[in-house]
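Listing of model_36.txt, compact mmCIF, C-alpha atoms
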```
# COMPACT_ATOMS: atom_id res chain seq x y z
CA MET A 1 -6.42 66.96 -3.71
CA MET A 2 -3.54 64.66 -2.80
CA ARG A 3 -4.42 64.93 0.88
CA LYS A 4 -8.07 64.01 0.15
CA LEU A 5 -7.04 60.94 -1.88
CA LEU A 6 -4.73 59.77 0.89
CA ALA A 7 -7.52 60.16 3.46
CA MET A 8 -9.89 58.11 1.27
CA LEU A 9 -7.30 55.33 0.90
CA LEU A 10 -6.71 55.21 4.63
CA ALA A 11 -10.45 55.06 5.32
CA THR A 12 -11.03 52.18 2.89
CA PRO A 13 -10.46 48.73 4.43
CA LEU A 14 -7.92 46.61 2.56
CA LEU A 15 -9.48 43.83 0.53
CA SER A 16 -8.69 40.43 2.05
CA HIS A 17 -6.93 37.93 -0.17
CA ALA A 18 -9.06 35.04 -1.42
CA ALA A 19 -8.24 31.80 0.34
CA THR A 20 -6.10 29.30 -1.57
CA THR A 21 -8.16 26.19 -2.25
CA LEU A 22 -6.15 22.97 -2.24
CA ASN A 23 -7.83 20.13 -4.14
CA ILE A 24 -6.73 16.87 -2.50
CA ALA A 25 -7.21 13.49 -4.19
CA THR A 26 -7.02 10.72 -1.61
CA ILE A 27 -8.06 7.19 -0.74
CA ALA A 28 -11.07 6.14 1.31
CA ASN A 29 -9.70 4.43 4.41
CA GLY A 30 -9.68 4.89 8.17
CA ASP A 31 -6.33 6.67 8.39
CA MET A 32 -7.33 9.23 5.77
CA THR A 33 -10.69 9.80 7.50
CA ILE A 34 -8.81 10.75 10.67
CA MET A 35 -6.62 13.11 8.61
CA GLN A 36 -9.69 14.87 7.20
CA GLN A 37 -11.08 15.36 10.71
CA LEU A 38 -7.81 16.76 12.08
CA ALA A 39 -7.36 18.93 8.98
CA THR A 40 -10.15 21.23 10.19
CA ARG A 41 -7.63 22.35 12.82
CA TYR A 42 -5.09 22.95 10.04
CA GLU A 43 -7.60 25.21 8.27
CA GLN A 44 -8.22 27.13 11.50
CA GLU A 45 -4.48 27.69 11.91
CA HIS A 46 -4.14 28.61 8.21
CA PRO A 47 -7.21 30.78 7.47
CA ASP A 48 -5.82 31.56 4.00
CA VAL A 49 -6.08 27.86 3.00
CA LYS A 50 -9.26 25.91 2.20
CA LEU A 51 -9.07 22.15 1.77
CA GLN A 52 -11.28 20.48 -0.85
CA TRP A 53 -11.33 16.67 -0.51
CA HIS A 54 -11.83 14.21 -3.37
CA VAL A 55 -12.07 10.81 -1.67
CA MET A 56 -12.13 7.62 -3.77
CA ASP A 57 -11.54 3.92 -3.45
CA ASP A 58 -8.23 2.42 -4.56
CA GLY A 59 -9.04 1.75 -8.22
CA ALA A 60 -10.91 5.00 -8.83
CA LEU A 61 -8.13 7.02 -7.18
CA ARG A 62 -5.41 5.50 -9.35
CA GLN A 63 -7.48 6.12 -12.48
CA ALA A 64 -8.39 9.73 -11.58
CA VAL A 65 -4.85 10.71 -10.62
CA LEU A 66 -3.24 9.06 -13.66
CA SER A 67 -5.80 10.71 -15.94
CA ALA A 68 -5.09 14.11 -14.35
CA MET A 69 -1.32 13.71 -14.70
CA ASN A 70 -1.60 12.55 -18.33
CA SER A 71 -3.83 15.50 -19.20
CA GLY A 72 -1.21 18.00 -18.06
CA GLN A 73 -3.97 20.07 -16.39
CA ALA A 74 -3.70 21.10 -12.75
CA GLN A 75 -6.80 19.30 -11.48
CA PHE A 76 -5.34 18.46 -8.07
CA ASP A 77 -2.89 20.28 -5.79
CA VAL A 78 -2.18 17.23 -3.62
CA ILE A 79 -2.41 13.62 -4.81
CA THR A 80 -2.17 10.31 -2.99
CA VAL A 81 0.32 8.00 -4.70
CA GLY A 82 2.24 4.86 -3.82
CA THR A 83 5.79 3.60 -4.05
CA TYR A 84 5.10 2.49 -7.64
CA GLU A 85 4.17 5.93 -8.97
CA ALA A 86 6.41 8.27 -6.93
CA PRO A 87 9.85 7.48 -8.47
CA LEU A 88 8.47 6.97 -12.00
CA TRP A 89 6.52 10.21 -11.96
CA GLY A 90 9.38 12.04 -10.25
CA GLU A 91 11.66 10.98 -13.11
CA LYS A 92 9.08 12.21 -15.65
CA GLY A 93 8.95 15.63 -13.96
CA TRP A 94 5.28 15.21 -13.05
CA LEU A 95 5.87 15.73 -9.30
CA ALA A 96 7.41 18.61 -7.39
CA PRO A 97 10.73 17.61 -5.72
CA LEU A 98 10.48 17.71 -1.93
CA ASN A 99 14.02 18.82 -1.14
CA LYS A 100 13.14 22.07 0.68
CA LEU A 101 10.93 20.88 3.52
CA PRO A 102 10.42 22.83 6.77
CA ALA A 103 13.42 22.66 9.12
CA ASP A 104 11.48 20.73 11.78
CA TYR A 105 10.13 18.10 9.31
CA ASP A 106 13.08 15.75 9.96
CA SER A 107 13.04 13.64 6.80
CA GLU A 108 15.87 11.53 8.30
CA ASP A 109 13.27 10.21 10.76
CA LEU A 110 11.35 8.60 7.87
CA ILE A 111 11.87 4.82 7.82
CA ALA A 112 14.71 4.28 5.34
CA PRO A 113 13.19 1.64 2.97
CA VAL A 114 10.00 3.71 2.66
CA ARG A 115 11.89 6.97 2.09
CA LYS A 116 14.05 5.30 -0.56
CA ALA A 117 11.03 3.78 -2.32
CA LEU A 118 9.43 7.24 -2.63
CA SER A 119 12.59 8.80 -4.09
CA PHE A 120 14.24 9.08 -7.48
CA GLN A 121 18.00 9.68 -7.52
CA GLN A 122 17.91 10.37 -3.76
CA THR A 123 15.29 13.12 -4.06
CA LEU A 124 11.95 12.59 -2.31
CA TYR A 125 8.89 13.05 -4.55
CA ALA A 126 6.21 11.99 -2.05
CA LEU A 127 5.95 12.00 1.75
CA PRO A 128 4.73 8.78 3.41
CA PHE A 129 1.42 8.99 5.20
CA TYR A 130 1.86 5.39 6.25
CA GLY A 131 4.03 2.44 5.26
CA GLU A 132 3.24 -1.24 5.16
CA SER A 133 4.57 -4.67 4.40
CA SER A 134 2.77 -8.02 4.52
CA MET A 135 2.66 -10.70 7.19
CA THR A 136 0.79 -13.79 8.38
CA TYR A 137 -2.11 -13.43 10.81
CA TYR A 138 -3.17 -16.61 12.59
CA ARG A 139 -5.52 -17.78 15.32
CA LYS A 140 -3.33 -18.99 18.16
CA ASP A 141 -6.35 -20.61 19.88
CA LEU A 142 -7.11 -22.77 16.82
CA PHE A 143 -3.42 -23.68 16.47
CA ALA A 144 -3.38 -24.75 20.13
CA GLN A 145 -6.54 -26.85 19.73
CA LYS A 146 -4.91 -28.73 16.82
CA GLY A 147 -1.51 -28.99 18.52
CA LEU A 148 0.13 -26.86 15.80
CA THR A 149 3.06 -24.46 16.21
CA MET A 150 3.71 -21.59 13.81
CA PRO A 151 7.46 -21.47 12.98
CA ASP A 152 9.38 -18.22 13.46
CA ASN A 153 9.83 -18.05 9.68
CA PRO A 154 7.09 -20.10 7.98
CA ASP A 155 7.30 -21.21 4.37
CA TRP A 156 4.52 -22.06 1.94
CA THR A 157 4.74 -25.80 2.70
CA ASP A 158 3.97 -24.98 6.36
CA ILE A 159 1.07 -22.73 5.41
CA LYS A 160 -0.54 -25.27 3.06
CA ASN A 161 -0.25 -28.05 5.69
CA PHE A 162 -1.70 -25.82 8.42
CA ALA A 163 -4.57 -24.70 6.18
CA ALA A 164 -5.62 -28.29 5.48
CA LYS A 165 -5.68 -29.08 9.21
CA LEU A 166 -7.45 -25.89 10.29
CA THR A 167 -10.30 -25.84 7.77
CA ASP A 168 -13.52 -26.70 9.60
CA PRO A 169 -16.66 -26.25 7.43
CA GLN A 170 -19.00 -27.25 10.28
CA LYS A 171 -17.76 -24.33 12.37
CA GLY A 172 -17.49 -21.99 9.38
CA ILE A 173 -13.68 -21.76 9.68
CA TYR A 174 -11.56 -21.29 6.55
CA GLY A 175 -8.01 -22.58 6.93
CA LEU A 176 -6.55 -19.76 4.81
CA CYS A 177 -8.03 -16.54 3.38
CA LEU A 178 -6.26 -14.90 0.43
CA ARG A 179 -7.04 -12.09 -1.98
CA GLY A 180 -8.72 -12.98 -5.26
CA GLN A 181 -10.16 -9.69 -6.52
CA PRO A 182 -8.47 -8.71 -9.81
CA GLY A 183 -6.08 -5.75 -9.93
CA TRP A 184 -2.35 -5.02 -10.00
CA GLY A 185 -2.55 -3.69 -6.45
CA ASP A 186 -4.89 -6.47 -5.37
CA ASN A 187 -4.65 -10.19 -6.25
CA VAL A 188 -1.47 -9.54 -8.28
CA ALA A 189 0.29 -7.83 -5.35
CA PHE A 190 -0.32 -10.88 -3.19
CA MET A 191 0.34 -13.41 -5.98
CA THR A 192 3.65 -11.81 -6.94
CA THR A 193 5.03 -12.18 -3.41
CA MET A 194 3.97 -15.85 -3.41
CA ALA A 195 5.54 -16.38 -6.84
CA ASN A 196 8.75 -14.64 -5.71
CA ALA A 197 9.02 -17.10 -2.81
CA TYR A 198 8.72 -19.96 -5.32
CA GLY A 199 11.65 -18.57 -7.35
CA ALA A 200 9.50 -17.02 -10.10
CA GLN A 201 9.98 -13.59 -11.68
CA TRP A 202 8.19 -11.33 -14.17
CA PHE A 203 11.15 -10.78 -16.52
CA ASP A 204 14.58 -12.29 -17.07
CA GLU A 205 17.72 -10.16 -17.26
CA ASN A 206 17.04 -9.41 -20.95
CA TRP A 207 13.52 -8.12 -20.26
CA GLN A 208 11.91 -11.25 -21.67
CA PRO A 209 8.64 -12.04 -19.81
CA THR A 210 8.73 -15.32 -17.86
CA LEU A 211 5.08 -15.66 -16.79
CA ASN A 212 4.82 -19.25 -18.08
CA SER A 213 7.84 -20.64 -16.21
CA PRO A 214 7.75 -23.84 -14.09
CA GLU A 215 8.06 -21.66 -10.97
CA TRP A 216 4.96 -19.65 -11.91
CA ARG A 217 3.13 -22.90 -12.69
CA GLU A 218 3.92 -24.29 -9.23
CA ALA A 219 2.95 -21.05 -7.44
CA LEU A 220 -0.35 -20.62 -9.32
CA GLY A 221 -1.15 -24.32 -8.93
CA ASP A 222 -0.68 -24.21 -5.16
CA TYR A 223 -2.64 -20.94 -4.90
CA LEU A 224 -5.55 -22.43 -6.86
CA GLN A 225 -5.53 -25.63 -4.81
CA VAL A 226 -5.35 -24.01 -1.36
CA VAL A 227 -7.99 -21.40 -2.22
CA LYS A 228 -10.40 -24.07 -3.50
CA GLN A 229 -9.81 -26.47 -0.59
CA ASP A 230 -9.35 -24.14 2.35
CA GLY A 231 -10.61 -20.68 1.38
CA PRO A 232 -14.00 -18.95 1.04
CA ALA A 233 -16.07 -19.90 -2.00
CA ASP A 234 -16.18 -16.28 -3.20
CA THR A 235 -12.42 -15.63 -3.05
CA VAL A 236 -12.55 -14.02 -6.50
CA LYS A 237 -14.56 -11.15 -4.96
CA ASN A 238 -12.35 -10.75 -1.91
CA SER A 239 -9.96 -7.86 -1.45
CA PHE A 240 -8.40 -6.48 1.74
CA GLY A 241 -11.66 -5.14 3.17
CA GLN A 242 -13.70 -8.28 2.66
CA ILE A 243 -11.06 -10.56 4.24
CA LEU A 244 -10.49 -8.10 7.08
CA ARG A 245 -14.16 -8.46 7.91
CA LEU A 246 -14.05 -12.29 7.72
CA THR A 247 -10.94 -12.40 9.92
CA ALA A 248 -12.43 -9.98 12.47
CA GLN A 249 -15.51 -12.26 12.61
CA GLY A 250 -13.25 -15.21 13.46
CA LYS A 251 -13.80 -17.06 10.18
CA CYS A 252 -10.18 -17.14 8.93
CA ALA A 253 -7.70 -19.37 10.75
CA MET A 254 -4.90 -17.67 8.75
CA TRP A 255 -4.64 -14.62 6.53
CA ILE A 256 -1.58 -13.32 4.64
CA ASP A 257 -1.91 -9.64 3.79
CA SER A 258 -1.00 -6.07 4.65
CA THR A 259 0.47 -5.20 8.03
CA VAL A 260 -2.00 -2.29 8.34
CA ALA A 261 -4.71 -4.79 9.33
CA ALA A 262 -2.95 -5.46 12.63
CA GLY A 263 -4.18 -2.36 14.43
CA LEU A 264 -7.77 -3.13 13.46
CA LEU A 265 -7.66 -6.83 14.30
CA VAL A 266 -6.40 -6.28 17.86
CA ASN A 267 -9.12 -3.70 18.52
CA PRO A 268 -11.89 -5.45 20.50
CA GLN A 269 -14.43 -2.88 19.29
CA ILE A 270 -13.88 -4.13 15.72
CA SER A 271 -12.58 -7.69 16.09
CA LEU A 272 -14.19 -10.67 17.80
CA VAL A 273 -10.78 -12.37 17.92
CA ALA A 274 -8.74 -9.40 19.18
CA ASP A 275 -7.12 -11.48 21.95
CA LYS A 276 -6.75 -14.66 19.87
CA LEU A 277 -4.55 -13.42 17.02
CA ALA A 278 -0.82 -13.82 16.63
CA PHE A 279 1.58 -12.62 13.94
CA ALA A 280 4.33 -14.23 11.87
CA PRO A 281 6.34 -13.17 8.80
CA ALA A 282 4.82 -13.65 5.36
CA PRO A 283 5.81 -17.14 4.15
CA GLY A 284 8.97 -17.73 2.16
CA GLY A 285 9.82 -20.66 -0.08
CA ILE A 286 13.03 -21.55 -1.84
CA THR A 287 13.93 -17.90 -1.15
CA ARG A 288 12.74 -15.17 1.19
CA ASN A 289 13.57 -12.51 -1.41
CA GLY A 290 10.38 -10.72 -2.34
CA SER A 291 8.18 -12.79 -0.02
CA ASN A 292 6.85 -9.72 1.82
CA TRP A 293 5.88 -6.57 0.02
CA LEU A 294 6.68 -2.91 0.62
CA TRP A 295 4.12 -0.20 0.04
CA SER A 296 3.32 3.29 1.22
CA TRP A 297 0.39 5.53 0.59
CA ALA A 298 2.05 8.90 0.31
CA LEU A 299 1.17 12.52 -0.46
CA ALA A 300 2.72 14.27 -3.44
CA VAL A 301 2.36 17.63 -5.20
CA PRO A 302 1.91 17.77 -8.98
CA ALA A 303 4.62 19.92 -10.54
CA ASN A 304 2.03 21.92 -12.50
CA THR A 305 -0.06 23.14 -9.56
CA PRO A 306 -0.10 26.94 -9.16
CA ASN A 307 -0.35 26.35 -5.38
CA ARG A 308 2.90 24.45 -4.94
CA GLU A 309 4.06 26.25 -1.79
CA ALA A 310 0.76 25.85 0.07
CA ALA A 311 0.47 22.22 -1.06
CA ILE A 312 3.96 21.31 0.16
CA ALA A 313 3.24 23.03 3.49
CA PHE A 314 0.06 20.92 3.87
CA ILE A 315 1.65 17.54 3.07
CA SER A 316 4.55 18.40 5.39
CA TRP A 317 2.04 18.89 8.20
CA ALA A 318 0.03 15.73 7.36
CA THR A 319 3.11 13.48 7.49
CA SER A 320 4.97 15.15 10.35
CA LYS A 321 5.89 13.93 13.84
CA GLN A 322 3.57 16.64 15.16
CA TYR A 323 0.64 15.20 13.17
CA ILE A 324 1.28 11.71 14.55
CA GLN A 325 1.27 13.19 18.06
CA GLN A 326 -2.05 14.93 17.28
CA VAL A 327 -3.59 11.60 16.25
CA ALA A 328 -2.25 10.00 19.44
CA ASP A 329 -3.67 12.83 21.58
CA THR A 330 -7.04 12.90 19.79
CA VAL A 331 -7.77 9.28 18.89
CA GLY A 332 -5.06 7.29 20.70
CA TRP A 333 -1.68 5.75 19.90
CA GLY A 334 -3.37 2.66 18.47
CA ALA A 335 -4.74 4.81 15.63
CA VAL A 336 -1.54 6.56 14.51
CA PRO A 337 -0.40 5.96 10.90
CA PRO A 338 2.09 3.06 11.05
CA GLY A 339 5.26 2.38 9.12
CA SER A 340 6.32 5.93 8.29
CA ARG A 341 8.61 7.23 11.05
CA ASN A 342 11.29 5.74 13.30
CA SER A 343 10.13 7.96 16.17
CA THR A 344 6.70 6.27 16.23
CA TYR A 345 8.37 2.94 17.03
CA GLN A 346 10.39 4.54 19.84
CA GLN A 347 7.24 5.58 21.70
CA ALA A 348 6.57 3.39 24.74
CA SER A 349 2.84 4.17 24.47
CA TYR A 350 2.75 2.91 20.88
CA GLN A 351 4.68 -0.26 21.72
CA ARG A 352 2.24 -0.98 24.56
CA LEU A 353 -0.85 -0.55 22.39
CA ALA A 354 0.62 -2.22 19.31
CA PRO A 355 1.83 -5.74 20.19
CA TYR A 356 2.57 -6.22 16.48
CA ALA A 357 4.85 -3.15 16.18
CA ALA A 358 8.15 -5.05 16.18
CA GLN A 359 6.84 -7.54 13.59
CA VAL A 360 5.63 -4.76 11.29
CA ARG A 361 8.91 -2.86 11.57
CA ALA A 362 10.91 -6.04 10.86
CA ALA A 363 8.75 -6.80 7.80
CA ILE A 364 9.23 -3.30 6.36
CA ASP A 365 12.97 -3.37 7.02
CA SER A 366 13.37 -6.82 5.43
CA ALA A 367 11.50 -6.09 2.18
CA THR A 368 14.03 -6.68 -0.61
CA VAL A 369 13.01 -3.99 -3.10
CA GLU A 370 16.34 -4.02 -4.94
CA GLN A 371 16.63 -7.84 -5.10
CA PRO A 372 13.02 -9.00 -5.19
CA THR A 373 13.63 -12.45 -6.66
CA LEU A 374 15.86 -15.49 -6.27
CA ASN A 375 17.77 -14.78 -9.51
CA PRO A 376 19.06 -11.39 -10.67
CA VAL A 377 16.46 -9.29 -12.51
CA PRO A 378 16.71 -5.87 -14.20
CA TYR A 379 13.85 -4.37 -12.20
CA GLN A 380 13.07 -3.22 -8.67
CA GLY A 381 9.86 -3.50 -6.67
CA VAL A 382 8.62 -6.46 -4.65
CA GLN A 383 4.93 -6.91 -5.48
CA TYR A 384 5.16 -4.89 -8.70
CA VAL A 385 7.73 -4.18 -11.40
CA SER A 386 8.88 -0.57 -11.25
CA ILE A 387 8.45 0.23 -14.96
CA PRO A 388 5.88 2.26 -16.92
CA GLY A 389 2.98 0.08 -18.03
CA PHE A 390 3.19 -2.41 -15.19
CA ASP A 391 -0.21 -1.23 -13.97
CA GLN A 392 -1.69 -2.39 -17.30
CA MET A 393 0.28 -5.66 -17.25
CA GLY A 394 -0.75 -6.33 -13.67
CA ASN A 395 -4.41 -5.62 -14.34
CA ALA A 396 -4.37 -8.05 -17.30
CA VAL A 397 -2.73 -10.77 -15.20
CA GLY A 398 -5.12 -10.04 -12.33
CA GLN A 399 -8.12 -10.62 -14.57
CA ASN A 400 -6.61 -13.88 -15.85
CA LEU A 401 -6.09 -15.08 -12.26
CA ALA A 402 -9.71 -14.22 -11.46
CA ASP A 403 -10.84 -16.16 -14.55
CA MET A 404 -8.75 -19.12 -13.37
CA LEU A 405 -10.46 -19.06 -9.96
CA SER A 406 -13.86 -18.81 -11.65
CA GLY A 407 -13.10 -21.81 -13.88
CA LYS A 408 -13.09 -19.77 -17.11
CA LEU A 409 -9.42 -20.56 -17.69
CA THR A 410 -7.41 -23.68 -16.85
CA LEU A 411 -4.03 -23.37 -15.13
CA ASP A 412 -2.26 -23.92 -18.47
CA GLU A 413 -4.45 -21.37 -20.25
CA THR A 414 -3.79 -18.83 -17.48
CA LEU A 415 -0.01 -19.24 -17.78
CA THR A 416 -0.18 -18.89 -21.58
CA LYS A 417 -2.45 -15.86 -21.46
CA ASN A 418 -0.35 -14.14 -18.78
CA GLN A 419 2.74 -14.58 -20.94
CA GLN A 420 0.96 -13.28 -24.07
CA ASP A 421 -0.62 -10.28 -22.33
CA VAL A 422 2.57 -9.15 -20.59
CA THR A 423 4.66 -9.60 -23.77
CA ARG A 424 2.15 -7.56 -25.80
CA ILE A 425 1.85 -4.70 -23.32
CA TYR A 426 5.61 -4.55 -22.68
CA GLN A 427 6.30 -4.33 -26.43
CA GLN A 428 3.71 -1.54 -26.80
CA MET A 429 5.21 0.48 -23.94
CA HIS A 430 8.95 -0.03 -24.53
```
Show the structure stored in the file as structure tokens.
Amino acid sequence: MMRKLLAMLLATPLLSHAATTLNIATIANGDMTIMQQLATRYEQEHPDVKLQWHVMDDGALRQAVLSAMNSGQAQFDVITVGTYEAPLWGEKGWLAPLNKLPADYDSEDLIAPVRKALSFQQTLYALPFYGESSMTYYRKDLFAQKGLTMPDNPDWTDIKNFAAKLTDPQKGIYGLCLRGQPGWGDNVAFMTTMANAYGAQWFDENWQPTLNSPEWREALGDYLQVVKQDGPADTVKNSFGQILRLTAQGKCAMWIDSTVAAGLLVNPQISLVADKLAFAPAPGGITRNGSNWLWSWALAVPANTPNREAAIAFISWATSKQYIQQVADTVGWGAVPPGSRNSTYQQASYQRLAPYAAQVRAAIDSATVEQPTLNPVPYQGVQYVSIPGFDQMGNAVGQNLADMLSGKLTLDETLTKNQQDVTRIYQQMH
């Protein structure tokens, strides 16, 4: 009987294990589209893993991921977060610590300011897919025609003067294009760097909001004036994508925004002004502290996922040196995710195809996350304040700024409402 049973067991094929499905929440952009395409190769090499993509725009992603984390349910195995969420959520225990990565991952190769911004108490809680700062894009041909020279380190006085001289309605040229779409990661991200340069800050050392200070008044006043005089009429609707399109069409003489636009704007297949653009640092003012932001879209693993091991293995692959080489081999060095690894900037092929590489690296390295303002403040973060609830505060301020541009609020009313909204939300949260 025993012999018969053994024979039956040997004759029966072993049941294959069901594949582990990793639900990945990520952002809709070009870099992530490339990752999805290359990830089919990852699935082939890991037949026990199936990748399920949940792709959203910026606002929807933030909302979906925050809702999932607040619920305590394991909706996603991999989430896309930024430098704002990673340390705060790491401290809360929402994210799996990434202190046991594969031996060949080489986390020391990650660009130091980005690695630090994604860590809490020196432990990584997210791996950078790409890193960015902000800088000034300008049309060198239009500058030459007007006899203008961009300084090595421009300030806001330079930018305002240039914008007035470069605006040419007859030719459809805007002197300066800036974000106006409301959101803490949108118009507020830009506006905070401008305000920092003017000596403004969100809070004083005693955590008292300072959104109605003379420095904020000057920054908002100049923003309103330059946007109305030298920017597109629909600035309030313009985010990164809209201004990228305008700049690529040759309609913006200057644009101050994310360094990730550089690779697109020098691509002649996308940009009509690919050979006419030059790059300068984001403008400073009475200080350069906090005048250029630091951000990274990064991949993290919720602590409550039952598939932690497989999820960490996937994000290690998607942010590795080997992945960057795969992008270079498949799409070209011009398409590799920027701002994440030192080794990328040591590649001669990348330096050749990315004339902006040194500028981008310098901007990331110079972002003053720990001293983002002229005066000492109790918070970190350049274009945001690294505290719980800032997303709500920033969204409220962003809407007020949009209402100011639309004429629904005066400058004075905007300052008052910003101060009231931030004070109320801070008191609710702390």
Counting only C-alpha atoms, the residue of A:Glu132, A:Asp158, A:Asp230, A:Glu45 that sits nearest Gly172 of chain A
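So, comparing all the options, the nearest one is A:Asp230.
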Give me the residues within 12 Å of Asp403 of chain A as a ChimeraX atom specification, counting all atoms listed in the file and dropping any in the same chain fewer than 2 places off.
/A:180-182,187,224,235-237,396-401,405-411,413-415,417-418
Nearest to Met393 of chain A among A:Val65, A:Val188, A:Leu118, A:Ala39, with distances taken over only C-alpha atoms: which residue is it?
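Closest to Met393 of chain A, using only C-alpha atoms: A:Val188.
For the choices A:Ala189, A:Leu299, A:Ala318, A:Leu272, the atom-to-atom distance to Ser258 of chain A is smallest for A:Ala189 when using all atoms listed in the file.
You can rank A:Gln380, A:Gln347, A:Ser320, A:Gln325 by their closest distance to Pro102 of chain A using all atoms listed in the file, and at the top of that list sits A:Ser320.
Between Leu353 of chain A and the candidates A:Ala328, A:Gln419, A:Phe129, A:Val49, the tightest atom-to-atom separation, counting all atoms listed in the file, involves A:Ala328.
Closest approach to Asp58 of chain A among A:Gln36, A:Gln122, A:Asn342, A:Thr26 is made by A:Thr26 (distances from all atoms listed in the file).
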Surrounding residues of Gly231 of chain A excluding itself and chain neighbours under 4 positions, 8 Å, all atoms listed in the file, as a list of chain:residue names:
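Counting only the stated atoms, we get A:Tyr174, A:Gly175, A:Leu176, A:Cys177, A:Leu178, A:Val226, A:Val227, A:Thr235.
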Please dump the current selection as a JSON list (two decimals), in the frame of the given file; keep C-alpha atoms.
```json
[["chain", "number", "residue", "atom", "x", "y", "z"],
["A", 174, "TYR", "CA", -11.56, -21.29, 6.55],
["A", 175, "GLY", "CA", -8.01, -22.58, 6.93],
["A", 176, "LEU", "CA", -6.55, -19.76, 4.81],
["A", 177, "CYS", "CA", -8.03, -16.54, 3.38],
["A", 178, "LEU", "CA", -6.26, -14.90, 0.43],
["A", 226, "VAL", "CA", -5.35, -24.01, -1.36],
["A", 227, "VAL", "CA", -7.99, -21.40, -2.22],
["A", 235, "THR", "CA", -12.42, -15.63, -3.05]]
```
Would you kindly return, as an mmCIF file with C-alpha atoms, in the frame of the given file, each protein, DNA or RNA residue with an atom no farther than 12 Å from any atom of segment 262-265 of chain A, considering all atoms listed in the file and excluding same-chain residues fewer than 4 positions away?
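selection.cif written:
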```cif
data_model
loop_
_atom_site.group_PDB
_atom_site.id
_atom_site.type_symbol
_atom_site.label_atom_id
_atom_site.label_comp_id
_atom_site.auth_asym_id
_atom_site.auth_seq_id
_atom_site.Cartn_x
_atom_site.Cartn_y
_atom_site.Cartn_z
ATOM 1 C CA ASN A 29 -9.700 4.430 4.410
ATOM 2 C CA GLY A 30 -9.680 4.890 8.170
ATOM 3 C CA ASP A 31 -6.330 6.670 8.390
ATOM 4 C CA GLU A 132 3.240 -1.240 5.160
ATOM 5 C CA SER A 133 4.570 -4.670 4.400
ATOM 6 C CA SER A 134 2.770 -8.020 4.520
ATOM 7 C CA MET A 135 2.660 -10.700 7.190
ATOM 8 C CA THR A 136 0.790 -13.790 8.380
ATOM 9 C CA TYR A 137 -2.110 -13.430 10.810
ATOM 10 C CA TYR A 138 -3.170 -16.610 12.590
ATOM 11 C CA ARG A 139 -5.520 -17.780 15.320
ATOM 12 C CA GLY A 241 -11.660 -5.140 3.170
ATOM 13 C CA ILE A 243 -11.060 -10.560 4.240
ATOM 14 C CA LEU A 244 -10.490 -8.100 7.080
ATOM 15 C CA ARG A 245 -14.160 -8.460 7.910
ATOM 16 C CA LEU A 246 -14.050 -12.290 7.720
ATOM 17 C CA THR A 247 -10.940 -12.400 9.920
ATOM 18 C CA ALA A 248 -12.430 -9.980 12.470
ATOM 19 C CA GLN A 249 -15.510 -12.260 12.610
ATOM 20 C CA GLY A 250 -13.250 -15.210 13.460
ATOM 21 C CA CYS A 252 -10.180 -17.140 8.930
ATOM 22 C CA TRP A 255 -4.640 -14.620 6.530
ATOM 23 C CA ILE A 256 -1.580 -13.320 4.640
ATOM 24 C CA ASP A 257 -1.910 -9.640 3.790
ATOM 25 C CA SER A 258 -1.000 -6.070 4.650
ATOM 26 C CA GLN A 269 -14.430 -2.880 19.290
ATOM 27 C CA ILE A 270 -13.880 -4.130 15.720
ATOM 28 C CA SER A 271 -12.580 -7.690 16.090
ATOM 29 C CA LEU A 272 -14.190 -10.670 17.800
ATOM 30 C CA VAL A 273 -10.780 -12.370 17.920
ATOM 31 C CA ALA A 274 -8.740 -9.400 19.180
ATOM 32 C CA ASP A 275 -7.120 -11.480 21.950
ATOM 33 C CA LYS A 276 -6.750 -14.660 19.870
ATOM 34 C CA LEU A 277 -4.550 -13.420 17.020
ATOM 35 C CA ALA A 278 -0.820 -13.820 16.630
ATOM 36 C CA PHE A 279 1.580 -12.620 13.940
ATOM 37 C CA ALA A 280 4.330 -14.230 11.870
ATOM 38 C CA GLY A 332 -5.060 7.290 20.700
ATOM 39 C CA TRP A 333 -1.680 5.750 19.900
ATOM 40 C CA GLY A 334 -3.370 2.660 18.470
ATOM 41 C CA ALA A 335 -4.740 4.810 15.630
ATOM 42 C CA VAL A 336 -1.540 6.560 14.510
ATOM 43 C CA PRO A 337 -0.400 5.960 10.900
ATOM 44 C CA PRO A 338 2.090 3.060 11.050
ATOM 45 C CA GLY A 339 5.260 2.380 9.120
ATOM 46 C CA TYR A 350 2.750 2.910 20.880
ATOM 47 C CA GLN A 351 4.680 -0.260 21.720
ATOM 48 C CA LEU A 353 -0.850 -0.550 22.390
ATOM 49 C CA ALA A 354 0.620 -2.220 19.310
ATOM 50 C CA PRO A 355 1.830 -5.740 20.190
ATOM 51 C CA TYR A 356 2.570 -6.220 16.480
ATOM 52 C CA ALA A 357 4.850 -3.150 16.180
ATOM 53 C CA ALA A 358 8.150 -5.050 16.180
ATOM 54 C CA GLN A 359 6.840 -7.540 13.590
ATOM 55 C CA VAL A 360 5.630 -4.760 11.290
#
```
Residues within 9 Å of Gly285 of chain A, please, as a list in words. Count only C-alpha atoms; anything in the same chain fewer than 4 positions from it doesn't count.
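Skipping anything fewer than 4 positions along the chain leaves Pro154, Asp155, Trp156, Thr157, Met194, Asn196, Ala197, Tyr198, Gly199 and Ser291 of chain A.
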Can you measure atom CA of Asn238 of chain A to atom CA of Pro209 of chain A for me? One decimal in Å is fine.
27.6 Å
Any idea what's packed within 8 Å of segment 94-96 of chain A, counting only C-alpha atoms, ignoring anything in its chain fewer than 6 positions away? Could you give it as a PyMOL selection string?
chain A and resi 69+86+125+300-304+308
